[in-house]
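Enquirer: This structure is in structure tokens; I'll ask about it shortly.
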Number of protein chains: 2
Amino acid sequence: MRSYYYSVKELDFFAGEENIVPWMVKTMKCVDAFVSQELAAGGVPLSRKQMVVLKIIYTNGPLPQNDLAFVTDRDKASLTRFINTLEKKNLVARIPSKDDKRVNLIHLTKQGEKLLKDNLPMFQNIAAKMHKGISMEDRKVVIDILRKIQENTKK
Amino acid sequence: MRSYYYSVKELDFFAGEENIVPWMVKTMKCVDAFVSQELAAGGVPLSRKQMVVLKIIYTNGPLPQNDLAFVTDRDKASLTRFINTLEKKNLVARIPSKDDKRVNLIHLTKQGEKLLKDNLPMFQNIAAKMHKGISMEDRKVVIDILRKIQENTKK
DNA sequence: CCTCATTAGTTGCACACGCAACCAACATTA
DNA sequence: TAATGTTGGTTGCGTGTGCAACTAATGAGG
């Protein structure tokens with residue numbers, strides 16, 4: 001462990017100013033690692049991303065891949081492969097739409113639905129742990145500012 | 001564009017509560033896309049991540065891969081491959097340390113150094129654009145809260 | 001009805017990430 | 001100094017990402 005570890009860290013883009021981005025990057029890494037660990041400890045060997053998508057399907061019912069890509073902010077190509085891995089784990093299934101032969105509706109399998117039902121409380125508990133000690137007002141402030149950054153970076 | 005696009009979006013982990021995580025996820029995607037576009041428009045076909053690492057090397061001088069992995073919050077395996085791609089672009093070079101034959105010091109090449117010198121102002125300008133309309137106080141608030149989440153998620 | 005444009009999904013390519021296993025070089029200590 | 005442990009870096013594997021090109025199916029207009 002060398003001294004410059006501490007001098008180098010956290011300057012990132014520029015010094016003197018406060019840049020939120022490197023903090024988000026680091027925080028997301030912590031969050032993803034934490035959620036994976038907690039889920040695994042609870043017997044659910046899935047990632048945060050996977051849990052989120054399962055929950056979205058569970059809450060909203062079967063969705064076309066295209067729509068699922070949109071609501072989860074993914075490239076449709078990325079979603080294709082993302083669904084492949086969930087399908088290999090027998091958590092979701094592609095069911096062709098009868099209305100439109102191009103469309104696959106993504107369903108939860110029995111197994112996927114059970115997993116979600118059984119573990120949703122744990123999942124929400126994990127989210128609560130992450131936000132411990134942060135008031136609702138503060139959360140809203142952060143979200144407002146993140147929304148602002150999104151606006152600033154929309155083409 | 002269907003109606004449930006808007007009802008589904010942004011609930012993510014749980015409803016009723018304010019969860020910061022999905023906002024960070026979305027914001028980071030916007031930021032990465034924005035930075036890439038802006039850099040490309042300025043003639044620099046690199047990602048935000050690549051620029052950040054080049055800047056760290058530029059600011060701190062040659063660093064062992066291990067240290068670079070630490071300060072950039074990466075797995076050392078990930079860093080190995082990350083450096084590979086920068087090396088292929090002739091922006092950095094691995095130079096064996098004379099003190100310790102195990103160590104590679106990562107240097108900027110002439111080309112890498114020139115690229116960075118020439119484009120650092122643009123890079124900082126991009127960061128400024130992202131943070132437009134967000135006061136220093138608000139930035140500090142956000143960073144404090146993100147730091148709190150990091151603490152909550154540290155094992 | 002038959003082009004022609006659009007849309008849903010897949011695939012190729014390049015990039016990025018973490019974990020675990022591994023090797024070579026260094027450090028420790030008996 | 002020989003045995004043992006530790007450290008820096010690479011590789012294999014599985015996962016995840018965006019862009020561009022592609023196909024099959026649908027929709028619109030002549």
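Each chain of the structure tokens is named A, B, ... in the order shown, its residues numbered from 1; ligands are numbered from 1 in display order.
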Given a cut-off of 7 Å, which residues of chain A touch chain D, counting only C-alpha atoms (C1' of nucleotides), written out as a list in words?
Expert: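 Per the criterion, chain A yields Asp75, Ser78, Lys101 and Arg102 of chain A.
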Enquirer: From segment 52-112 of chain A, collect each residue whose DSSP state is helix (DSSP H, G or I) and return the set as a PyMOL selection string.
Expert: chain A and resi 52-60+65-71+76-88+110-112
Enquirer: With only C-alpha atoms (C1' of nucleotides) as the counted atoms, please give the residues lying no more than 9 Å from Lys76 of chain B, apart from itself and same-chain residues fewer than 4 positions off, as a PyMOL selection string.
Expert: (chain B and resi 65-70+80-81) or (chain D and resi 9)
Enquirer: Could you tell me which residues of chain C sit within 7 Å of chain B when counting only C-alpha atoms (C1' of nucleotides), and give me the result as a PDB file with C-alpha atoms (C1' of nucleotides), in the first residue's frame?
Expert:
```pdb
ATOM      1  C1'  DC C  17     -15.597  -6.451 -15.990  1.00  0.00           C
ATOM      2  C1'  DG C  18     -14.748  -9.845 -11.917  1.00  0.00           C
ATOM      3  C1'  DA C  25       9.942 -12.980  -9.292  1.00  0.00           C
TER       4       DA C  25
END
```
Enquirer: Using only C-alpha atoms, select each residue of chain A with any atom at most 8 Å away from an atom of chain B, and give the selection as a PDB file with N, CA and C atoms, in the first residue's frame.
Expert:
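This went into result.pdb:
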```pdb
ATOM      1  N   TYR A   5      -1.424   6.165  -3.458  1.00  0.00           N
ATOM      2  CA  TYR A   5      -2.773   5.629  -3.600  1.00  0.00           C
ATOM      3  C   TYR A   5      -3.800   6.667  -3.179  1.00  0.00           C
ATOM      4  N   VAL A   8      -3.686  10.029  -5.493  1.00  0.00           N
ATOM      5  CA  VAL A   8      -4.204   9.876  -6.850  1.00  0.00           C
ATOM      6  C   VAL A   8      -5.717   9.741  -6.838  1.00  0.00           C
ATOM      7  N   LYS A   9      -6.219   8.948  -5.914  1.00  0.00           N
ATOM      8  CA  LYS A   9      -7.643   8.617  -5.941  1.00  0.00           C
ATOM      9  C   LYS A   9      -8.510   9.857  -5.918  1.00  0.00           C
ATOM     10  N   ASP A  12      -9.561  12.254 -10.645  1.00  0.00           N
ATOM     11  CA  ASP A  12     -10.255  11.887 -11.864  1.00  0.00           C
ATOM     12  C   ASP A  12     -10.236  12.981 -12.919  1.00  0.00           C
ATOM     13  N   PHE A  13     -11.390  13.508 -13.310  1.00  0.00           N
ATOM     14  CA  PHE A  13     -11.467  14.421 -14.449  1.00  0.00           C
ATOM     15  C   PHE A  13     -10.651  15.687 -14.261  1.00  0.00           C
ATOM     16  N   PHE A  14     -10.956  16.398 -13.203  1.00  0.00           N
ATOM     17  CA  PHE A  14     -10.217  17.621 -12.940  1.00  0.00           C
ATOM     18  C   PHE A  14     -10.193  17.860 -11.446  1.00  0.00           C
ATOM     19  N   GLU A  17     -12.625  21.323  -8.876  1.00  0.00           N
ATOM     20  CA  GLU A  17     -14.061  21.245  -9.081  1.00  0.00           C
ATOM     21  C   GLU A  17     -14.582  19.945  -8.456  1.00  0.00           C
ATOM     22  N   GLU A  18     -15.885  19.882  -8.321  1.00  0.00           N
ATOM     23  CA  GLU A  18     -16.500  18.661  -7.806  1.00  0.00           C
ATOM     24  C   GLU A  18     -17.162  17.910  -8.947  1.00  0.00           C
ATOM     25  N   ASN A  19     -16.586  16.819  -9.311  1.00  0.00           N
ATOM     26  CA  ASN A  19     -17.132  16.013 -10.398  1.00  0.00           C
ATOM     27  C   ASN A  19     -17.836  14.792  -9.817  1.00  0.00           C
ATOM     28  N   ILE A  20     -19.087  14.662 -10.146  1.00  0.00           N
ATOM     29  CA  ILE A  20     -19.906  13.607  -9.558  1.00  0.00           C
ATOM     30  C   ILE A  20     -19.627  12.247 -10.180  1.00  0.00           C
ATOM     31  N   VAL A  21     -19.196  12.261 -11.443  1.00  0.00           N
ATOM     32  CA  VAL A  21     -19.086  11.026 -12.214  1.00  0.00           C
ATOM     33  C   VAL A  21     -18.220   9.944 -11.559  1.00  0.00           C
ATOM     34  N   TRP A  23     -17.577   9.410  -8.619  1.00  0.00           N
ATOM     35  CA  TRP A  23     -18.265   8.910  -7.434  1.00  0.00           C
ATOM     36  C   TRP A  23     -19.377   7.942  -7.802  1.00  0.00           C
ATOM     37  N   MET A  24     -20.063   8.259  -8.865  1.00  0.00           N
ATOM     38  CA  MET A  24     -21.086   7.313  -9.317  1.00  0.00           C
ATOM     39  C   MET A  24     -20.453   5.998  -9.757  1.00  0.00           C
ATOM     40  N   VAL A  25     -19.353   6.113 -10.489  1.00  0.00           N
ATOM     41  CA  VAL A  25     -18.681   4.907 -10.979  1.00  0.00           C
ATOM     42  C   VAL A  25     -18.313   4.005  -9.809  1.00  0.00           C
ATOM     43  N   LYS A  26     -17.641   4.601  -8.833  1.00  0.00           N
ATOM     44  CA  LYS A  26     -17.191   3.818  -7.685  1.00  0.00           C
ATOM     45  C   LYS A  26     -18.380   3.260  -6.904  1.00  0.00           C
ATOM     46  N   THR A  27     -19.363   4.112  -6.703  1.00  0.00           N
ATOM     47  CA  THR A  27     -20.529   3.688  -5.933  1.00  0.00           C
ATOM     48  C   THR A  27     -21.240   2.523  -6.607  1.00  0.00           C
ATOM     49  N   MET A  28     -21.367   2.589  -7.909  1.00  0.00           N
ATOM     50  CA  MET A  28     -22.042   1.492  -8.618  1.00  0.00           C
ATOM     51  C   MET A  28     -21.266   0.181  -8.490  1.00  0.00           C
ATOM     52  N   CYS A  30     -19.431  -0.662  -5.914  1.00  0.00           N
ATOM     53  CA  CYS A  30     -19.716  -1.127  -4.556  1.00  0.00           C
ATOM     54  C   CYS A  30     -21.101  -1.760  -4.482  1.00  0.00           C
ATOM     55  N   VAL A  31     -22.064  -1.082  -5.073  1.00  0.00           N
ATOM     56  CA  VAL A  31     -23.445  -1.560  -5.016  1.00  0.00           C
ATOM     57  C   VAL A  31     -23.576  -2.923  -5.689  1.00  0.00           C
ATOM     58  N   PHE A  34     -21.970  -5.577  -3.611  1.00  0.00           N
ATOM     59  CA  PHE A  34     -22.758  -5.782  -2.398  1.00  0.00           C
ATOM     60  C   PHE A  34     -24.018  -6.590  -2.669  1.00  0.00           C
ATOM     61  N   VAL A  52     -33.191  -7.137 -11.174  1.00  0.00           N
ATOM     62  CA  VAL A  52     -34.007  -6.000 -11.587  1.00  0.00           C
ATOM     63  C   VAL A  52     -34.891  -6.370 -12.773  1.00  0.00           C
ATOM     64  N   LYS A  55     -37.652  -8.680 -11.816  1.00  0.00           N
ATOM     65  CA  LYS A  55     -38.703  -7.968 -11.102  1.00  0.00           C
ATOM     66  C   LYS A  55     -39.582  -7.156 -12.049  1.00  0.00           C
ATOM     67  N   ILE A  56     -38.980  -6.560 -13.037  1.00  0.00           N
ATOM     68  CA  ILE A  56     -39.754  -5.780 -14.005  1.00  0.00           C
ATOM     69  C   ILE A  56     -40.734  -6.688 -14.757  1.00  0.00           C
ATOM     70  N   ASN A  60     -44.781  -6.365 -14.364  1.00  0.00           N
ATOM     71  CA  ASN A  60     -45.494  -5.834 -15.529  1.00  0.00           C
ATOM     72  C   ASN A  60     -46.040  -6.896 -16.461  1.00  0.00           C
ATOM     73  N   ASP A  67     -39.534  -3.828 -25.904  1.00  0.00           N
ATOM     74  CA  ASP A  67     -40.011  -2.993 -24.816  1.00  0.00           C
ATOM     75  C   ASP A  67     -39.146  -3.179 -23.585  1.00  0.00           C
ATOM     76  N   PHE A  70     -36.174  -1.208 -23.934  1.00  0.00           N
ATOM     77  CA  PHE A  70     -36.422   0.212 -23.676  1.00  0.00           C
ATOM     78  C   PHE A  70     -36.506   0.524 -22.185  1.00  0.00           C
ATOM     79  N   VAL A  71     -37.305  -0.234 -21.472  1.00  0.00           N
ATOM     80  CA  VAL A  71     -37.512   0.109 -20.063  1.00  0.00           C
ATOM     81  C   VAL A  71     -36.273  -0.185 -19.211  1.00  0.00           C
ATOM     82  N   THR A  72     -35.411  -1.037 -19.705  1.00  0.00           N
ATOM     83  CA  THR A  72     -34.194  -1.322 -18.933  1.00  0.00           C
ATOM     84  C   THR A  72     -32.981  -0.580 -19.495  1.00  0.00           C
ATOM     85  N   ASP A  73     -33.220   0.334 -20.422  1.00  0.00           N
ATOM     86  CA  ASP A  73     -32.143   1.158 -20.983  1.00  0.00           C
ATOM     87  C   ASP A  73     -31.019   0.337 -21.577  1.00  0.00           C
ATOM     88  N   PHE A 123     -34.606  -8.781  -1.467  1.00  0.00           N
ATOM     89  CA  PHE A 123     -34.093  -7.813  -2.436  1.00  0.00           C
ATOM     90  C   PHE A 123     -34.376  -6.385  -1.968  1.00  0.00           C
ATOM     91  N   GLN A 124     -35.578  -6.180  -1.484  1.00  0.00           N
ATOM     92  CA  GLN A 124     -35.936  -4.844  -1.010  1.00  0.00           C
ATOM     93  C   GLN A 124     -35.170  -4.499   0.260  1.00  0.00           C
ATOM     94  N   ALA A 127     -31.834  -3.251  -0.756  1.00  0.00           N
ATOM     95  CA  ALA A 127     -31.937  -1.855  -1.183  1.00  0.00           C
ATOM     96  C   ALA A 127     -32.023  -0.937   0.036  1.00  0.00           C
ATOM     97  N   LYS A 129     -30.797  -1.506   3.021  1.00  0.00           N
ATOM     98  CA  LYS A 129     -29.467  -1.437   3.653  1.00  0.00           C
ATOM     99  C   LYS A 129     -28.577  -0.425   2.948  1.00  0.00           C
ATOM    100  N   MET A 130     -28.651  -0.413   1.649  1.00  0.00           N
ATOM    101  CA  MET A 130     -27.803   0.501   0.887  1.00  0.00           C
ATOM    102  C   MET A 130     -28.127   1.954   1.187  1.00  0.00           C
ATOM    103  N   HIS A 131     -29.415   2.208   1.436  1.00  0.00           N
ATOM    104  CA  HIS A 131     -29.860   3.592   1.628  1.00  0.00           C
ATOM    105  C   HIS A 131     -29.946   3.985   3.100  1.00  0.00           C
ATOM    106  N   LYS A 132     -29.464   3.114   3.946  1.00  0.00           N
ATOM    107  CA  LYS A 132     -29.556   3.365   5.386  1.00  0.00           C
ATOM    108  C   LYS A 132     -28.915   4.702   5.759  1.00  0.00           C
ATOM    109  N   GLY A 133     -29.627   5.476   6.540  1.00  0.00           N
ATOM    110  CA  GLY A 133     -29.077   6.745   7.017  1.00  0.00           C
ATOM    111  C   GLY A 133     -29.199   7.884   6.019  1.00  0.00           C
ATOM    112  N   ILE A 134     -29.911   7.643   4.926  1.00  0.00           N
ATOM    113  CA  ILE A 134     -30.101   8.699   3.933  1.00  0.00           C
ATOM    114  C   ILE A 134     -31.579   9.055   3.887  1.00  0.00           C
ATOM    115  N   MET A 136     -35.270  10.661   2.978  1.00  0.00           N
ATOM    116  CA  MET A 136     -36.026  10.735   1.729  1.00  0.00           C
ATOM    117  C   MET A 136     -35.747  12.045   0.997  1.00  0.00           C
ATOM    118  N   ASP A 138     -33.013  13.831   1.069  1.00  0.00           N
ATOM    119  CA  ASP A 138     -31.694  13.741   0.436  1.00  0.00           C
ATOM    120  C   ASP A 138     -31.740  12.880  -0.817  1.00  0.00           C
ATOM    121  N   ARG A 139     -32.480  11.797  -0.743  1.00  0.00           N
ATOM    122  CA  ARG A 139     -32.595  10.941  -1.928  1.00  0.00           C
ATOM    123  C   ARG A 139     -33.192  11.718  -3.088  1.00  0.00           C
ATOM    124  N   LYS A 140     -34.220  12.501  -2.768  1.00  0.00           N
ATOM    125  CA  LYS A 140     -34.872  13.281  -3.830  1.00  0.00           C
ATOM    126  C   LYS A 140     -33.910  14.306  -4.410  1.00  0.00           C
ATOM    127  N   VAL A 141     -33.097  14.904  -3.533  1.00  0.00           N
ATOM    128  CA  VAL A 141     -32.107  15.880  -4.018  1.00  0.00           C
ATOM    129  C   VAL A 141     -31.158  15.209  -5.002  1.00  0.00           C
ATOM    130  N   VAL A 142     -30.651  14.049  -4.596  1.00  0.00           N
ATOM    131  CA  VAL A 142     -29.714  13.334  -5.471  1.00  0.00           C
ATOM    132  C   VAL A 142     -30.370  13.007  -6.804  1.00  0.00           C
ATOM    133  N   ILE A 143     -31.583  12.484  -6.741  1.00  0.00           N
ATOM    134  CA  ILE A 143     -32.265  12.088  -7.975  1.00  0.00           C
ATOM    135  C   ILE A 143     -32.503  13.286  -8.882  1.00  0.00           C
ATOM    136  N   ILE A 145     -30.671  15.922  -9.092  1.00  0.00           N
ATOM    137  CA  ILE A 145     -29.403  16.331  -9.697  1.00  0.00           C
ATOM    138  C   ILE A 145     -28.980  15.342 -10.772  1.00  0.00           C
ATOM    139  N   LEU A 146     -29.219  14.069 -10.525  1.00  0.00           N
ATOM    140  CA  LEU A 146     -28.901  13.084 -11.561  1.00  0.00           C
ATOM    141  C   LEU A 146     -29.777  13.315 -12.790  1.00  0.00           C
ATOM    142  N   ARG A 147     -31.026  13.662 -12.545  1.00  0.00           N
ATOM    143  CA  ARG A 147     -31.908  13.955 -13.675  1.00  0.00           C
ATOM    144  C   ARG A 147     -31.374  15.143 -14.468  1.00  0.00           C
ATOM    145  N   LYS A 148     -30.850  16.095 -13.748  1.00  0.00           N
ATOM    146  CA  LYS A 148     -30.262  17.279 -14.385  1.00  0.00           C
ATOM    147  C   LYS A 148     -29.073  16.885 -15.272  1.00  0.00           C
ATOM    148  N   ILE A 149     -28.236  15.997 -14.750  1.00  0.00           N
ATOM    149  CA  ILE A 149     -27.086  15.547 -15.546  1.00  0.00           C
ATOM    150  C   ILE A 149     -27.564  14.807 -16.779  1.00  0.00           C
ATOM    151  N   GLN A 150     -28.619  14.015 -16.617  1.00  0.00           N
ATOM    152  CA  GLN A 150     -29.175  13.327 -17.780  1.00  0.00           C
ATOM    153  C   GLN A 150     -29.631  14.323 -18.838  1.00  0.00           C
ATOM    154  N   ASN A 152     -28.509  17.331 -19.241  1.00  0.00           N
ATOM    155  CA  ASN A 152     -27.313  17.973 -19.802  1.00  0.00           C
ATOM    156  C   ASN A 152     -26.604  17.100 -20.831  1.00  0.00           C
ATOM    157  N   THR A 153     -26.809  15.810 -20.730  1.00  0.00           N
ATOM    158  CA  THR A 153     -26.062  14.902 -21.599  1.00  0.00           C
ATOM    159  C   THR A 153     -26.935  14.258 -22.663  1.00  0.00           C
ATOM    160  N   LYS A 154     -28.193  14.689 -22.732  1.00  0.00           N
ATOM    161  CA  LYS A 154     -29.047  14.204 -23.817  1.00  0.00           C
ATOM    162  C   LYS A 154     -28.726  14.973 -25.078  1.00  0.00           C
ATOM    163  N   LYS A 155     -28.580  14.244 -26.146  1.00  0.00           N
ATOM    164  CA  LYS A 155     -28.202  14.874 -27.429  1.00  0.00           C
ATOM    165  C   LYS A 155     -29.382  15.686 -27.990  1.00  0.00           C
TER     166      LYS A 155
END
```
Enquirer: Using DSSP on the backbone coordinates, identify all residues within chain A classified as strand (DSSP E); present the result as a list of chain:residue names.
Expert: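 Matching residues for strand (DSSP E) in chain A are A:Leu63, A:Pro64, A:Val92, A:Ala93, A:Arg94, A:Ile95, A:Pro96, A:Asn104, A:Leu105, A:Ile106, A:His107, A:Leu108.
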Enquirer: Could you turn the residues from that selection into a file that holds N, CA and C atoms, as a PDB file, in the first residue's frame?
Expert:
```
ATOM      1  N   LEU A  63     -43.358  -9.154 -21.534  1.00  0.00           N
ATOM      2  CA  LEU A  63     -43.054  -7.990 -22.367  1.00  0.00           C
ATOM      3  C   LEU A  63     -42.281  -8.426 -23.606  1.00  0.00           C
ATOM      4  N   PRO A  64     -42.530  -7.771 -24.730  1.00  0.00           N
ATOM      5  CA  PRO A  64     -41.700  -7.977 -25.916  1.00  0.00           C
ATOM      6  C   PRO A  64     -40.262  -7.558 -25.610  1.00  0.00           C
ATOM      7  N   VAL A  92     -36.503 -17.358 -17.342  1.00  0.00           N
ATOM      8  CA  VAL A  92     -37.449 -16.726 -18.269  1.00  0.00           C
ATOM      9  C   VAL A  92     -37.581 -17.602 -19.504  1.00  0.00           C
ATOM     10  N   ALA A  93     -38.624 -17.324 -20.288  1.00  0.00           N
ATOM     11  CA  ALA A  93     -38.820 -18.051 -21.545  1.00  0.00           C
ATOM     12  C   ALA A  93     -39.299 -17.082 -22.621  1.00  0.00           C
ATOM     13  N   ARG A  94     -38.832 -17.313 -23.831  1.00  0.00           N
ATOM     14  CA  ARG A  94     -39.331 -16.559 -24.990  1.00  0.00           C
ATOM     15  C   ARG A  94     -40.573 -17.271 -25.512  1.00  0.00           C
ATOM     16  N   ILE A  95     -41.684 -16.553 -25.555  1.00  0.00           N
ATOM     17  CA  ILE A  95     -42.903 -17.132 -26.122  1.00  0.00           C
ATOM     18  C   ILE A  95     -43.355 -16.245 -27.276  1.00  0.00           C
ATOM     19  N   PRO A  96     -43.420 -16.833 -28.475  1.00  0.00           N
ATOM     20  CA  PRO A  96     -43.775 -16.045 -29.663  1.00  0.00           C
ATOM     21  C   PRO A  96     -45.157 -15.445 -29.511  1.00  0.00           C
ATOM     22  N   ASN A 104     -41.184 -11.720 -29.666  1.00  0.00           N
ATOM     23  CA  ASN A 104     -41.097 -12.672 -28.546  1.00  0.00           C
ATOM     24  C   ASN A 104     -41.573 -11.985 -27.279  1.00  0.00           C
ATOM     25  N   LEU A 105     -42.484 -12.628 -26.595  1.00  0.00           N
ATOM     26  CA  LEU A 105     -42.860 -12.124 -25.278  1.00  0.00           C
ATOM     27  C   LEU A 105     -42.001 -12.836 -24.245  1.00  0.00           C
ATOM     28  N   ILE A 106     -41.409 -12.062 -23.357  1.00  0.00           N
ATOM     29  CA  ILE A 106     -40.557 -12.651 -22.333  1.00  0.00           C
ATOM     30  C   ILE A 106     -41.386 -12.902 -21.083  1.00  0.00           C
ATOM     31  N   HIS A 107     -41.540 -14.165 -20.764  1.00  0.00           N
ATOM     32  CA  HIS A 107     -42.284 -14.597 -19.581  1.00  0.00           C
ATOM     33  C   HIS A 107     -41.322 -15.040 -18.499  1.00  0.00           C
ATOM     34  N   LEU A 108     -41.787 -14.952 -17.256  1.00  0.00           N
ATOM     35  CA  LEU A 108     -41.092 -15.667 -16.187  1.00  0.00           C
ATOM     36  C   LEU A 108     -41.504 -17.133 -16.261  1.00  0.00           C
TER      37      LEU A 108
END
```
Enquirer: Which distance in Å separates atom CA of Gly42 of chain A and atom C1' of DA16 of chain C, to one decimal?
Expert: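 Computing the Euclidean distance for atom CA of Gly42 of chain A and atom C1' of DA16 of chain C yields 28.2 Å.
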Enquirer: Please compute the atom C1' of DC15 of chain C-atom CA of Leu39 of chain B distance, one decimal, in Å.
Expert: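 These atoms are spaced 16.9 Å apart.
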Enquirer: So what do you get for atom CA of Asp99 of chain A versus atom CA of Gln50 of chain A, distance-wise?
Expert: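 Going from atom CA of Asp99 of chain A over to atom CA of Gln50 of chain A covers 27.8 Å.
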